[in-house]
>>> print(open('run-v4.cif').read())   # mmCIF, C-alpha atoms and all ligand atoms
data_query
#
loop_
_atom_site.label_atom_id
_atom_site.label_comp_id
_atom_site.auth_asym_id
_atom_site.auth_seq_id
_atom_site.Cartn_x
_atom_site.Cartn_y
_atom_site.Cartn_z
CA MET U 24 -17.90 -27.76 -0.44
CA SER U 25 -18.97 -26.90 3.11
CA VAL U 26 -18.58 -23.47 4.64
CA ARG U 27 -17.68 -23.30 8.33
CA PRO U 28 -17.75 -20.46 10.91
CA LEU U 29 -14.81 -18.51 9.44
CA ALA U 30 -16.53 -18.28 6.05
CA LEU U 31 -13.71 -20.29 4.52
CA SER U 32 -14.17 -23.39 2.41
CA ASP U 33 -12.45 -26.69 3.20
CA ASP U 34 -10.74 -26.39 -0.18
CA GLU U 35 -9.18 -23.06 0.75
CA LEU U 36 -7.95 -24.31 4.11
CA SER U 37 -6.70 -27.69 2.97
CA SER U 38 -4.64 -26.32 0.07
CA CYS U 39 -1.57 -25.80 2.31
CA VAL U 40 0.56 -28.96 2.24
CA GLY U 41 3.03 -27.64 4.81
CA CYS U 42 6.06 -27.64 2.47
CA GLY U 43 7.49 -24.47 4.03
CA LEU U 44 8.63 -22.92 0.73
CA CYS U 45 6.89 -19.69 1.74
CA LEU U 46 8.88 -19.27 4.97
CA PRO U 47 11.89 -17.36 3.55
CA HIS U 48 9.45 -14.94 1.87
CA CYS U 49 7.71 -14.04 5.12
CA PRO U 50 9.12 -10.91 6.79
CA THR U 51 7.93 -11.82 10.29
CA PHE U 52 9.46 -15.29 10.07
CA ARG U 53 12.69 -13.79 8.71
CA VAL U 54 13.12 -11.51 11.73
CA THR U 55 11.75 -13.80 14.48
CA ASN U 56 12.54 -17.31 13.17
CA GLU U 57 9.34 -18.47 14.91
CA GLU U 58 7.20 -21.06 13.15
CA ALA U 59 4.01 -19.57 14.65
CA LEU U 60 4.82 -16.25 12.97
CA SER U 61 5.27 -17.82 9.51
CA PRO U 62 2.53 -18.35 6.88
CA ARG U 63 2.49 -22.09 7.63
CA GLY U 64 2.20 -21.43 11.36
CA ARG U 65 -0.59 -18.91 10.90
CA ILE U 66 -2.51 -21.27 8.60
CA ALA U 67 -2.24 -23.97 11.29
CA THR U 68 -3.69 -21.49 13.79
CA ILE U 69 -6.54 -20.54 11.45
CA ARG U 70 -7.29 -24.26 10.91
CA SER U 71 -7.42 -24.80 14.67
CA ILE U 72 -10.02 -22.02 14.97
CA GLN U 73 -12.05 -23.52 12.15
CA TYR U 74 -11.88 -27.22 12.95
CA GLU U 75 -11.05 -27.45 16.65
CA GLY U 76 -13.06 -24.49 17.88
CA ARG U 77 -9.93 -22.82 19.28
CA GLN U 78 -10.78 -19.61 21.08
CA ILE U 79 -9.35 -16.34 19.81
CA ASP U 80 -7.32 -15.62 22.92
CA GLU U 81 -4.32 -13.36 23.42
CA GLN U 82 -1.90 -15.83 21.84
CA VAL U 83 -4.02 -16.31 18.73
CA SER U 84 -4.50 -12.53 18.44
CA GLU U 85 -0.75 -12.01 18.56
CA ILE U 86 -0.08 -14.65 15.91
CA LEU U 87 -2.63 -13.12 13.55
CA ASN U 88 -2.07 -9.43 14.34
CA THR U 89 1.68 -9.67 13.73
CA CYS U 90 1.03 -10.70 10.12
CA VAL U 91 1.86 -7.66 7.95
CA GLN U 92 -0.66 -8.91 5.35
CA CYS U 93 2.03 -8.29 2.73
CA ARG U 94 1.05 -11.52 0.91
CA GLY U 95 4.66 -12.19 0.01
CA CYS U 96 3.85 -15.82 0.82
CA GLU U 97 1.31 -16.14 -2.01
CA PRO U 98 3.57 -16.00 -5.09
CA ALA U 99 6.09 -18.23 -3.28
CA CYS U 100 3.53 -20.98 -2.70
CA PRO U 101 3.51 -23.82 -5.27
CA SER U 102 0.07 -24.97 -4.05
CA GLY U 103 -1.61 -21.62 -4.71
CA VAL U 104 -2.81 -21.15 -1.12
CA PRO U 105 -5.04 -18.04 -1.06
CA TYR U 106 -3.39 -16.74 2.11
CA GLY U 107 -4.90 -13.25 1.78
CA ARG U 108 -8.41 -14.71 1.95
CA LEU U 109 -7.52 -16.86 4.98
CA ILE U 110 -6.11 -14.04 7.08
CA GLU U 111 -8.90 -11.70 6.01
CA ALA U 112 -11.56 -14.19 7.21
CA ALA U 113 -9.71 -14.79 10.49
CA LYS U 114 -9.29 -11.07 11.18
CA ASN U 115 -12.96 -10.53 10.41
CA GLU U 116 -13.87 -13.17 12.99
CA MET U 117 -11.57 -11.48 15.50
CA ALA U 118 -13.38 -8.19 14.87
CA ASN U 119 -16.74 -9.95 15.37
CA GLN U 120 -15.47 -11.12 18.74
CA HIS U 121 -14.30 -7.55 19.52
CA GLN U 122 -10.69 -8.67 19.55
CA ALA U 123 -9.31 -7.08 16.42
CA ALA U 124 -8.09 -3.51 16.41
CA PRO U 125 -7.64 -1.62 19.70
CA TRP U 126 -10.12 1.22 20.39
CA TRP U 127 -7.67 3.96 19.36
CA GLN U 128 -7.08 2.27 16.03
CA ARG U 129 -10.82 1.89 15.40
CA PHE U 130 -11.30 5.57 16.36
CA GLY U 131 -8.52 6.62 13.94
CA LEU U 132 -10.03 4.52 11.16
CA ARG U 133 -13.42 6.14 11.71
CA LEU U 134 -11.84 9.56 11.22
CA LEU U 135 -10.61 8.60 7.75
CA ARG U 136 -14.10 8.99 6.30
CA HIS U 137 -14.17 12.64 7.51
CA HIS U 138 -11.82 14.04 4.93
CA ARG U 139 -12.21 17.71 5.89
CA LEU U 140 -11.25 16.88 9.46
CA LEU U 141 -8.16 15.06 8.21
CA LEU U 142 -7.15 18.06 6.09
CA ILE U 143 -7.66 20.50 9.00
CA GLY U 144 -5.94 18.16 11.47
CA THR U 145 -2.81 17.56 9.40
CA PRO U 146 -1.02 20.90 10.11
CA ILE U 147 -1.94 20.48 13.81
CA LEU U 148 -0.41 17.00 13.77
CA ALA U 149 2.65 18.43 12.00
CA VAL U 150 3.14 20.97 14.80
CA ALA U 151 2.62 18.28 17.45
CA GLN U 152 5.20 16.14 15.67
CA ARG U 153 7.79 18.96 15.61
CA LEU U 154 7.15 19.49 19.36
CA HIS U 155 7.90 15.77 19.87
CA LEU U 156 4.34 15.13 21.11
CA ILE U 157 3.97 12.23 18.66
CA PRO U 158 6.17 9.30 19.72
CA LYS U 159 8.98 8.48 17.29
CA ARG U 160 8.00 4.84 17.45
CA ALA U 161 4.89 5.79 15.43
CA GLY U 162 7.38 5.79 12.53
CA LEU U 163 6.02 8.86 10.72
CA SER U 164 8.23 10.94 8.48
CA PRO U 165 7.75 14.75 8.83
CA LEU U 166 4.12 15.68 8.08
CA PRO U 167 3.44 18.74 5.89
CA PHE U 168 2.44 22.09 7.42
CA ARG U 169 0.91 23.15 4.10
CA LEU U 170 -1.10 20.80 1.93
CA GLY U 171 -0.74 22.71 -1.32
CA SER U 172 -3.50 23.11 -3.88
CA PRO U 173 -5.71 20.08 -4.56
CA VAL U 174 -5.97 18.46 -7.98
CA ILE U 175 -9.23 19.59 -9.57
CA SER U 176 -11.53 17.97 -12.10
CA THR U 177 -11.23 19.36 -15.62
CA SER U 178 -14.36 17.66 -16.93
CA PRO U 179 -17.67 16.41 -15.47
CA SER U 180 -17.31 13.30 -17.65
CA PRO U 181 -13.54 12.85 -17.66
CA ASP U 182 -11.41 10.56 -19.80
CA VAL U 183 -9.69 9.34 -16.63
CA TRP U 184 -10.51 9.43 -12.90
CA LEU U 185 -7.69 9.91 -10.40
CA PHE U 186 -8.54 8.37 -7.01
CA THR U 187 -7.12 10.72 -4.37
CA GLY U 188 -8.03 8.89 -1.13
CA CYS U 189 -7.82 10.04 2.48
CA ILE U 190 -4.37 10.10 4.13
CA MET U 191 -2.48 10.45 0.86
CA ASP U 192 -4.49 13.52 -0.15
CA ALA U 193 -3.64 15.12 3.21
CA TRP U 194 -0.01 14.05 3.58
CA GLN U 195 1.30 13.50 0.03
CA ARG U 196 -0.89 15.68 -2.15
CA SER U 197 2.03 16.71 -4.35
CA THR U 198 2.07 13.17 -5.78
CA HIS U 199 -1.53 13.62 -6.95
CA ARG U 200 -0.44 16.86 -8.63
CA SER U 201 2.35 14.97 -10.41
CA ALA U 202 -0.10 12.25 -11.49
CA GLY U 203 -2.55 14.91 -12.72
CA ALA U 204 0.22 16.71 -14.64
CA LEU U 205 1.24 13.47 -16.38
CA ILE U 206 -2.35 12.60 -17.31
CA HIS U 207 -2.82 16.11 -18.77
CA ALA U 208 0.52 15.97 -20.62
CA ILE U 209 -0.61 12.75 -22.32
CA GLY U 210 -3.74 14.63 -23.43
CA PHE U 211 -6.54 13.31 -21.22
CA SER U 212 -9.14 15.20 -19.20
CA LEU U 213 -9.13 14.38 -15.51
CA GLY U 214 -11.83 13.75 -12.90
CA ILE U 215 -11.55 13.66 -9.12
CA PRO U 216 -14.01 11.58 -7.03
CA SER U 217 -16.85 13.40 -5.27
CA LYS U 218 -16.70 13.74 -1.46
CA ALA U 219 -18.24 10.28 -1.05
CA GLY U 220 -15.07 8.68 -2.41
CA SER U 221 -12.53 9.90 0.08
CA CYS U 222 -11.46 6.58 1.66
CA CYS U 223 -11.05 3.18 -0.04
CA GLY U 224 -11.42 1.11 3.15
CA ALA U 225 -8.13 -0.79 2.76
CA LEU U 226 -7.04 -0.14 6.35
CA HIS U 227 -10.50 -1.17 7.64
CA SER U 228 -10.28 -4.40 5.67
CA HIS U 229 -6.80 -5.14 7.09
CA ALA U 230 -8.11 -4.60 10.60
CA GLY U 231 -10.95 -7.08 9.99
CA LEU U 232 -13.63 -4.35 9.93
CA GLN U 233 -15.40 -5.74 6.88
CA ILE U 234 -18.73 -3.98 7.44
CA GLU U 235 -17.05 -0.56 7.43
CA ALA U 236 -14.89 -1.58 4.46
CA ARG U 237 -18.00 -2.56 2.47
CA LYS U 238 -19.78 0.72 3.26
CA LEU U 239 -16.73 2.69 2.11
CA ALA U 240 -16.43 0.61 -1.06
CA ILE U 241 -20.05 1.39 -1.99
CA SER U 242 -19.42 5.12 -1.42
CA VAL U 243 -16.26 5.07 -3.55
CA MET U 244 -18.14 3.37 -6.37
CA THR U 245 -20.77 6.14 -6.42
CA SER U 246 -18.07 8.83 -6.44
CA MET U 247 -16.66 7.91 -9.87
CA PRO U 248 -19.59 7.03 -12.17
CA GLY U 249 -19.39 6.05 -15.81
CA THR U 250 -17.01 3.75 -17.59
CA SER U 251 -13.77 5.78 -17.71
CA PRO U 252 -10.65 4.16 -16.25
CA ILE U 253 -9.80 4.88 -12.62
CA VAL U 254 -6.09 5.34 -11.92
CA VAL U 255 -4.64 5.04 -8.44
CA ASP U 256 -1.22 6.30 -7.29
CA SER U 257 -1.23 4.42 -3.96
CA ALA U 258 -0.44 0.70 -4.27
CA GLY U 259 -2.50 -0.14 -1.17
CA CYS U 260 -5.59 1.80 -2.30
CA GLY U 261 -5.30 0.41 -5.83
CA ALA U 262 -5.25 -3.16 -4.51
CA ALA U 263 -8.33 -2.40 -2.40
CA LEU U 264 -10.30 -0.88 -5.31
CA LYS U 265 -9.38 -3.85 -7.52
CA ASP U 266 -10.76 -6.16 -4.81
CA TYR U 267 -14.24 -4.57 -4.55
CA GLY U 268 -15.66 -7.29 -6.79
CA HIS U 269 -14.62 -9.89 -4.20
CA LEU U 270 -15.53 -7.70 -1.20
CA LEU U 271 -19.06 -6.83 -2.34
CA ARG U 272 -19.75 -9.77 -4.68
CA THR U 273 -22.06 -7.75 -6.96
CA PRO U 274 -21.87 -7.38 -10.77
CA GLU U 275 -21.54 -3.58 -10.30
CA ALA U 276 -18.53 -4.02 -8.01
CA VAL U 277 -16.91 -6.49 -10.41
CA ALA U 278 -17.40 -4.01 -13.30
CA PHE U 279 -16.01 -1.17 -11.15
CA SER U 280 -12.88 -3.15 -10.21
CA GLU U 281 -12.23 -3.88 -13.89
CA ARG U 282 -11.93 -0.11 -14.49
CA VAL U 283 -9.15 0.28 -11.89
CA PHE U 284 -5.47 0.63 -12.89
CA ASP U 285 -2.39 1.31 -10.88
CA ILE U 286 -1.00 4.61 -12.25
CA HIS U 287 2.19 2.97 -13.54
CA GLU U 288 0.21 0.25 -15.25
CA TRP U 289 -1.94 2.94 -16.88
CA LEU U 290 1.01 5.16 -17.86
CA GLU U 291 3.10 2.34 -19.38
CA PRO U 292 1.38 2.18 -22.81
CA HIS U 293 1.40 6.00 -23.03
CA MET U 294 5.11 6.42 -22.34
CA GLN U 295 6.20 6.47 -25.96
CA SER U 296 3.94 9.40 -26.86
CA LEU U 297 4.81 11.18 -23.60
CA MET U 298 8.54 10.89 -24.24
CA GLN U 299 8.08 12.08 -27.84
CA SER U 300 6.46 15.28 -26.62
CA ARG U 301 8.65 15.89 -23.55
CA GLN U 302 12.40 15.71 -22.98
CA PRO U 303 14.03 15.07 -19.57
CA ILE U 304 15.34 18.38 -18.17
CA SER U 305 18.38 16.88 -16.42
CA SER U 306 20.73 13.90 -16.56
CA LYS U 307 19.54 10.52 -15.32
CA PRO U 308 19.88 9.98 -11.54
CA SER U 309 20.54 6.51 -10.08
CA ILE U 310 17.48 5.19 -8.27
CA ILE U 311 16.87 2.09 -6.18
CA VAL U 312 13.42 0.64 -6.78
CA GLN U 313 11.48 -0.64 -3.77
CA ASP U 314 8.44 -2.75 -4.59
CA PRO U 315 5.44 -2.18 -2.30
CA CYS U 316 3.88 -5.56 -1.50
CA HIS U 317 0.44 -4.50 -2.72
CA LEU U 318 1.95 -3.55 -6.05
CA ARG U 319 4.18 -6.61 -6.49
CA HIS U 320 2.44 -9.50 -4.76
CA VAL U 321 -1.20 -8.36 -5.04
CA GLN U 322 -1.54 -6.21 -8.19
CA LYS U 323 1.55 -7.68 -9.91
CA SER U 324 2.17 -4.29 -11.56
CA HIS U 325 5.68 -3.65 -10.21
CA LEU U 326 7.42 -4.04 -13.59
CA ALA U 327 5.45 -1.05 -14.91
CA VAL U 328 7.31 1.14 -12.37
CA ARG U 329 10.56 0.17 -14.08
CA SER U 330 9.08 0.85 -17.53
CA ILE U 331 8.03 4.39 -16.67
CA LEU U 332 11.22 5.27 -14.77
CA SER U 333 13.83 3.80 -17.11
CA PRO U 334 13.62 6.66 -19.68
CA VAL U 335 14.54 9.17 -16.95
CA ALA U 336 16.68 7.21 -14.44
CA ASN U 337 19.31 4.50 -14.08
CA LEU U 338 17.58 1.85 -12.03
CA ILE U 339 19.23 -0.29 -9.35
CA GLU U 340 17.55 -3.49 -8.15
CA ILE U 341 17.72 -4.70 -4.54
CA ASP U 342 17.42 -8.41 -5.49
CA ASP U 343 15.44 -9.50 -2.42
CA ASP U 344 12.33 -10.93 -4.12
CA GLY U 345 10.22 -7.97 -2.99
CA LEU U 346 10.46 -8.69 0.74
CA CYS U 347 8.20 -6.39 2.73
CA CYS U 348 9.48 -3.10 4.26
CA GLY U 349 7.27 -3.47 7.36
CA ALA U 350 4.95 -0.52 6.73
CA GLY U 351 1.84 -2.65 6.11
CA GLY U 352 -0.91 0.02 6.24
CA ALA U 353 -1.18 0.82 9.95
CA TYR U 354 1.22 -2.03 10.91
CA SER U 355 4.16 0.29 11.62
CA VAL U 356 2.01 2.07 14.21
CA VAL U 357 0.34 -1.03 15.69
CA GLU U 358 3.44 -3.28 15.72
CA PRO U 359 6.28 -0.71 15.78
CA GLU U 360 9.05 -3.03 17.02
CA LEU U 361 8.51 -5.77 14.42
CA ALA U 362 7.98 -3.12 11.73
CA ARG U 363 11.34 -1.58 12.63
CA GLN U 364 13.14 -4.91 12.56
CA ILE U 365 11.65 -5.74 9.16
CA ARG U 366 12.61 -2.30 7.84
CA ASP U 367 16.17 -2.57 9.18
CA ARG U 368 16.68 -5.67 7.06
CA LEU U 369 15.59 -3.81 3.93
CA VAL U 370 17.66 -0.72 4.77
CA ARG U 371 20.73 -2.96 5.09
CA ASN U 372 20.02 -4.36 1.61
CA ILE U 373 19.64 -0.86 0.19
CA MET U 374 22.84 0.32 1.83
CA ALA U 375 24.67 -2.67 0.39
CA LYS U 376 23.77 -1.35 -3.05
CA SER U 377 24.55 2.30 -2.44
CA PRO U 378 25.59 4.48 0.54
CA ILE U 379 22.49 5.81 2.27
CA GLU U 380 23.56 9.47 2.00
CA LYS U 381 23.16 9.61 -1.74
CA THR U 382 20.62 6.93 -2.49
CA LEU U 383 17.30 7.96 -3.96
CA VAL U 384 14.68 5.26 -3.46
CA ALA U 385 11.48 5.04 -5.51
CA SER U 386 8.41 3.67 -3.70
CA ALA U 387 4.88 3.61 -5.13
CA ASN U 388 3.00 3.35 -1.85
CA PRO U 389 2.53 6.25 0.61
CA GLY U 390 2.87 4.01 3.68
CA CYS U 391 6.13 2.38 2.51
CA LEU U 392 7.44 5.77 1.44
CA MET U 393 6.91 7.33 4.88
CA HIS U 394 8.16 4.25 6.72
CA LEU U 395 11.42 4.29 4.74
CA GLN U 396 11.78 8.06 5.03
CA ALA U 397 11.49 7.68 8.81
CA ALA U 398 14.61 5.45 8.61
CA GLY U 399 16.56 8.33 7.04
CA LEU U 400 16.32 7.32 3.39
CA ILE U 401 15.46 9.80 0.64
CA VAL U 402 12.35 8.34 -0.93
CA LYS U 403 10.09 9.63 -3.68
CA HIS U 404 7.06 8.33 -5.48
CA PRO U 405 7.92 7.17 -9.05
CA VAL U 406 5.24 9.49 -10.41
CA ASP U 407 6.95 12.49 -8.73
CA ILE U 408 10.30 11.37 -10.14
CA LEU U 409 8.90 11.15 -13.69
CA ALA U 410 6.89 14.40 -13.57
CA GLU U 411 9.88 16.30 -12.13
CA ALA U 412 12.29 14.80 -14.67
CA LEU U 413 10.04 16.01 -17.50
CA GLY U 414 9.67 19.48 -15.98
CA LEU U 415 5.92 19.08 -15.42
CA VAL U 416 6.11 19.96 -11.70
CA PRO U 417 8.76 21.75 -9.60
CA THR U 418 11.60 19.58 -8.31
CA THR U 419 11.39 18.80 -4.59
CA VAL U 420 14.02 16.89 -2.58
CA GLN U 421 17.22 15.96 -4.39
CA PRO U 422 19.39 13.05 -3.29
CA ARG U 423 22.18 14.31 -1.04
CA GLU U 424 25.75 13.62 -1.98
CA LYS U 425 27.78 11.96 0.75
CA GLY U 426 28.97 14.49 3.30
CA THR U 427 26.50 17.25 2.40
CA ALA U 428 23.71 18.46 4.70
S1 LIG U 501 1.41 -21.84 2.30
FE1 LIG U 501 2.13 -22.87 0.42
S2 LIG U 501 4.37 -22.66 0.48
FE2 LIG U 501 3.61 -22.22 2.57
S3 LIG U 501 3.71 -24.19 3.63
FE3 LIG U 501 1.62 -24.04 2.78
S4 LIG U 501 1.73 -25.05 0.77
FE4 LIG U 501 3.88 -24.66 1.41
S1 LIG U 502 1.15 -12.04 4.53
FE1 LIG U 502 3.31 -11.50 4.80
S2 LIG U 502 3.65 -11.41 7.04
FE2 LIG U 502 1.71 -12.51 6.69
S3 LIG U 502 2.26 -14.66 6.65
FE3 LIG U 502 2.29 -13.97 4.49
S4 LIG U 502 4.43 -13.35 4.13
FE4 LIG U 502 4.17 -13.52 6.39
#
>>> encode(input="run-v4.cif", output="structure tokens")
Amino acid sequence: MSVRPLALSDDELSSCVGCGLCLPHCPTFRVTNEEALSPRGRIATIRSIQYEGRQIDEQVSEILNTCVQCRGCEPACPSGVPYGRLIEAAKNEMANQHQAAPWWQRFGLRLLRHHRLLLIGTPILAVAQRLHLIPKRAGLSPLPFRLGSPVISTSPSPDVWLFTGCIMDAWQRSTHRSAGALIHAIGFSLGIPSKAGSCCGALHSHAGLQIEARKLAISVMTSMPGTSPIVVDSAGCGAALKDYGHLLRTPEAVAFSERVFDIHEWLEPHMQSLMQSRQPISSKPSIIVQDPCHLRHVQKSHLAVRSILSPVANLIEIDDDGLCCGAGGAYSVVEPELARQIRDRLVRNIMAKSPIEKTLVASANPGCLMHLQAAGLIVKHPVDILAEALGLVPTTVQPREKGTA
């Protein structure tokens, strides 16, 4: 098995037989109808780099950069093509040739490791946003002026670690409080990573910045020592932490990744005891479930969201095979037009199920949540919905009835 310049094996690249079954599951193909912007088209481009020495020019960059990296093509593929590995290797090569992320994106990504700066900068960004100094096309829902109190460790050697991350801890801290309240209600002590573990490196990995992603992964591993499970309430971060074994290829990283659980996956077996000790404080709302790609296609933990919500809500399915919403980490900022078109398709599907004015949507990923909120939907994290329904945290936004403000 030979390894060529893209660090991909012939086996990995030859596994695509060109059947095209993945095409309807690709959000960029669905909105553009262009073969080059489908999984099959992108694999052909990656092969041409590998075998024909094709230069990574503007056209190649566009083909690869417009991929949301949702990996919706993977479960649809009967040949088991490891598309995530292919695009990751190609983006890494682009970064090596200084053609991956633009300078402003690389600058922004560097800031993510300075958590204090992110916390201080968030209210400033919120003011700038209200003054319309941040372009709407950035697709951000309203940022918080106040962050609220952080979740704190209750034990130096906790039963469970809660990974709090960078952007989510600054912009959606209340979800961490809900997760912490649920973990306590089940009867476990809680630990928060030390300062070293403030960014998982998922966005760096997506941008092809593998060296930075590896450095961040090593820091995160040191921030949560021991053998206790690590729960993650961001689908994108959880997928990244579960991939450290592959990213670093060390026994320590493999052992670390085995300790990682998506919060819903971790909560699922504890639901019976939780519901025996707590009663819902109000009647069941109707909720549409949106599956973040990194929960459904990568972690395959999306059914656990339904398990934890069904005791407190009537769930409505969108029936679109988990097609991407277009958020894709930083994709909605880097490719705003395609991200909007992809989101419009999903919003139409949601509206077909229920009028937008009174639909509450559950989304387990901070990026998807904000991207859908920016389209006018009322979106909450499933963990917030559950903790509020059980009276563990104060209720925030309620779904609006049609015709109300
Ligand atoms: S990636 Fe899989 S589904 Fe898509 S064309 Fe190739 S073999 Fe077919
Ligand atoms: S990862 Fe998503 S956007 Fe990229 S080719 Fe696969 S389905 Fe299309």
>>> atom_distance(input="run-v4.cif", atom1="CA of Arg301 (chain U)", atom2="CA of Leu413 (chain U)")
6.2 Å
>>> residues_near_ligand(input="run-v4.cif", ligand="ligand LIG 502 (chain U)", cutoff="6 Å", atoms="only C-alpha atoms and all ligand atoms", output="number ranges by chain")
U: 48-51, 61-62, 90-96
>>> residues_around(input="run-v4.cif", residues="Lys218 (chain U)", least_positions_apart="4", cutoff="12 Å", atoms="all atoms listed in the file", output="ChimeraX atom specification")
/U:136-139,186-189,222,239,242-247
>>> closest_residue(input="run-v4.cif", among="U:Leu44, U:Ile339, U:Val104, U:Leu36", to="Ser71 (chain U)", atoms="all atoms listed in the file")
U:Leu36
>>> residues_near_ligand(input="run-v4.cif", ligand="ligand LIG 501 (chain U)", cutoff="9 Å", atoms="all atoms listed in the file", output="list in words")
Ser38, Cys39, Val40, Gly41, Cys42, Gly43, Leu44, Cys45, Leu46, Ser61, Pro62, Arg63, Gly64, Ile66, Cys96, Glu97, Pro98, Ala99, Cys100, Pro101, Ser102, Gly103, Val104, Pro105 and Tyr106 of chain U
>>> residues_around(input="run-v4.cif", residues="Arg77 (chain U)", least_positions_apart="4", cutoff="12 Å", atoms="only C-alpha atoms", output="PyMOL selection string")
chain U and resi 28-29+67-73+81-84+113
>>> write_last_selection(input="run-v4.cif", atoms="C-alpha atoms", output="PDB file, in the frame of the given file")
ATOM      1  CA  PRO U  28     -17.750 -20.460  10.910  1.00  0.00           C
ATOM      2  CA  LEU U  29     -14.810 -18.510   9.440  1.00  0.00           C
ATOM      3  CA  ALA U  67      -2.240 -23.970  11.290  1.00  0.00           C
ATOM      4  CA  THR U  68      -3.690 -21.490  13.790  1.00  0.00           C
ATOM      5  CA  ILE U  69      -6.540 -20.540  11.450  1.00  0.00           C
ATOM      6  CA  ARG U  70      -7.290 -24.260  10.910  1.00  0.00           C
ATOM      7  CA  SER U  71      -7.420 -24.800  14.670  1.00  0.00           C
ATOM      8  CA  ILE U  72     -10.020 -22.020  14.970  1.00  0.00           C
ATOM      9  CA  GLN U  73     -12.050 -23.520  12.150  1.00  0.00           C
ATOM     10  CA  GLU U  81      -4.320 -13.360  23.420  1.00  0.00           C
ATOM     11  CA  GLN U  82      -1.900 -15.830  21.840  1.00  0.00           C
ATOM     12  CA  VAL U  83      -4.020 -16.310  18.730  1.00  0.00           C
ATOM     13  CA  SER U  84      -4.500 -12.530  18.440  1.00  0.00           C
ATOM     14  CA  ALA U 113      -9.710 -14.790  10.490  1.00  0.00           C
TER      15      ALA U 113
END
>>> closest_residue(input="run-v4.cif", among="U:Lys114, U:Ser300, U:Leu166, U:Val328", to="Leu415 (chain U)", atoms="only C-alpha atoms")
U:Ser300
>>> closest_residue(input="run-v4.cif", among="U:Asp285, U:Asp256, U:Asp314, U:Glu411", to="His199 (chain U)", atoms="all atoms listed in the file")
U:Asp256
>>> atom_distance(input="run-v4.cif", atom1="CA of Leu135 (chain U)", atom2="CA of Pro158 (chain U)")
20.6 Å
>>> residues_around(input="run-v4.cif", residues="Ser228 (chain U)", least_positions_apart="5", cutoff="12 Å", atoms="only C-alpha atoms", output="ChimeraX atom specification")
/U:92,107-108,110-116,118,123-124,129,132,222-223,233-240,259-260,262-264,266-267,270,352-353
>>> atom_distance(input="run-v4.cif", atom1="CA of Ala276 (chain U)", atom2="CA of Ala202 (chain U)")
24.8 Å
>>> residues_around(input="run-v4.cif", residues="Ser305 (chain U)", least_positions_apart="4", cutoff="12 Å", atoms="all atoms listed in the file", output="CSV table (one decimal) with C-alpha atoms, in the frame of the given file")
chain,number,residue,atom,x,y,z
U,334,PRO,CA,13.6,6.7,-19.7
U,335,VAL,CA,14.5,9.2,-17.0
U,336,ALA,CA,16.7,7.2,-14.4
U,408,ILE,CA,10.3,11.4,-10.1
U,409,LEU,CA,8.9,11.2,-13.7
U,411,GLU,CA,9.9,16.3,-12.1
U,412,ALA,CA,12.3,14.8,-14.7
U,413,LEU,CA,10.0,16.0,-17.5
U,414,GLY,CA,9.7,19.5,-16.0
U,418,THR,CA,11.6,19.6,-8.3
>>> closest_residue(input="run-v4.cif", among="U:Gly224, U:Pro167, U:Pro252, U:Pro146", to="Leu185 (chain U)", atoms="only C-alpha atoms")
U:Pro252
>>> closest_residue(input="run-v4.cif", among="U:Leu142, U:Leu400, U:Leu87, U:Ala225", to="Arg196 (chain U)", atoms="all atoms listed in the file")
U:Leu142
>>> closest_residue(input="run-v4.cif", among="U:Asn388, U:Thr382, U:Thr273, U:Ser180", to="His325 (chain U)", atoms="all atoms listed in the file")
U:Asn388
>>> residues_around(input="run-v4.cif", residues="Trp289 (chain U)", least_positions_apart="4", cutoff="12 Å", atoms="all atoms listed in the file", output="list in words")
Val183, Trp184, Leu185, Ala202, Leu205, Ile206, Ile209, Pro252, Ile253, Val254, Val255, Asp256, Gly261, Arg282, Val283, Phe284, Asp285, His293, Met294, Ser324, Ala327, Val328, Ser330, Ile331 and Val406 of chain U
>>> residues_near_point(input="run-v4.cif", point="(-7.7, 12.8, -20.9)", cutoff="7 Å", atoms="only C-alpha atoms", output="MDAnalysis selection string")
chainID U and resid 181:183 206:207 210:213
>>> build_atoms(input="run-v4.cif", residues="region 247-253 of chain U", atoms="N, CA and C atoms", output="compact mmCIF listing (two decimals), in the frame of the given file")
# COMPACT_ATOMS: atom_id res chain seq x y z
N MET U 247 -17.31 7.85 -8.55
CA MET U 247 -16.66 7.91 -9.87
C MET U 247 -17.51 7.14 -10.88
N PRO U 248 -18.67 7.75 -11.27
CA PRO U 248 -19.59 7.03 -12.17
C PRO U 248 -19.05 6.93 -13.59
N GLY U 249 -19.76 6.17 -14.40
CA GLY U 249 -19.39 6.05 -15.81
C GLY U 249 -18.52 4.84 -16.08
N THR U 250 -17.83 4.90 -17.19
CA THR U 250 -17.01 3.75 -17.59
C THR U 250 -15.54 4.11 -17.77
N SER U 251 -15.16 5.37 -17.50
CA SER U 251 -13.77 5.78 -17.71
C SER U 251 -12.85 5.04 -16.74
N PRO U 252 -11.59 4.82 -17.16
CA PRO U 252 -10.65 4.16 -16.25
C PRO U 252 -10.40 4.97 -14.99
N ILE U 253 -10.10 4.25 -13.91
CA ILE U 253 -9.80 4.88 -12.62
C ILE U 253 -8.34 4.57 -12.33
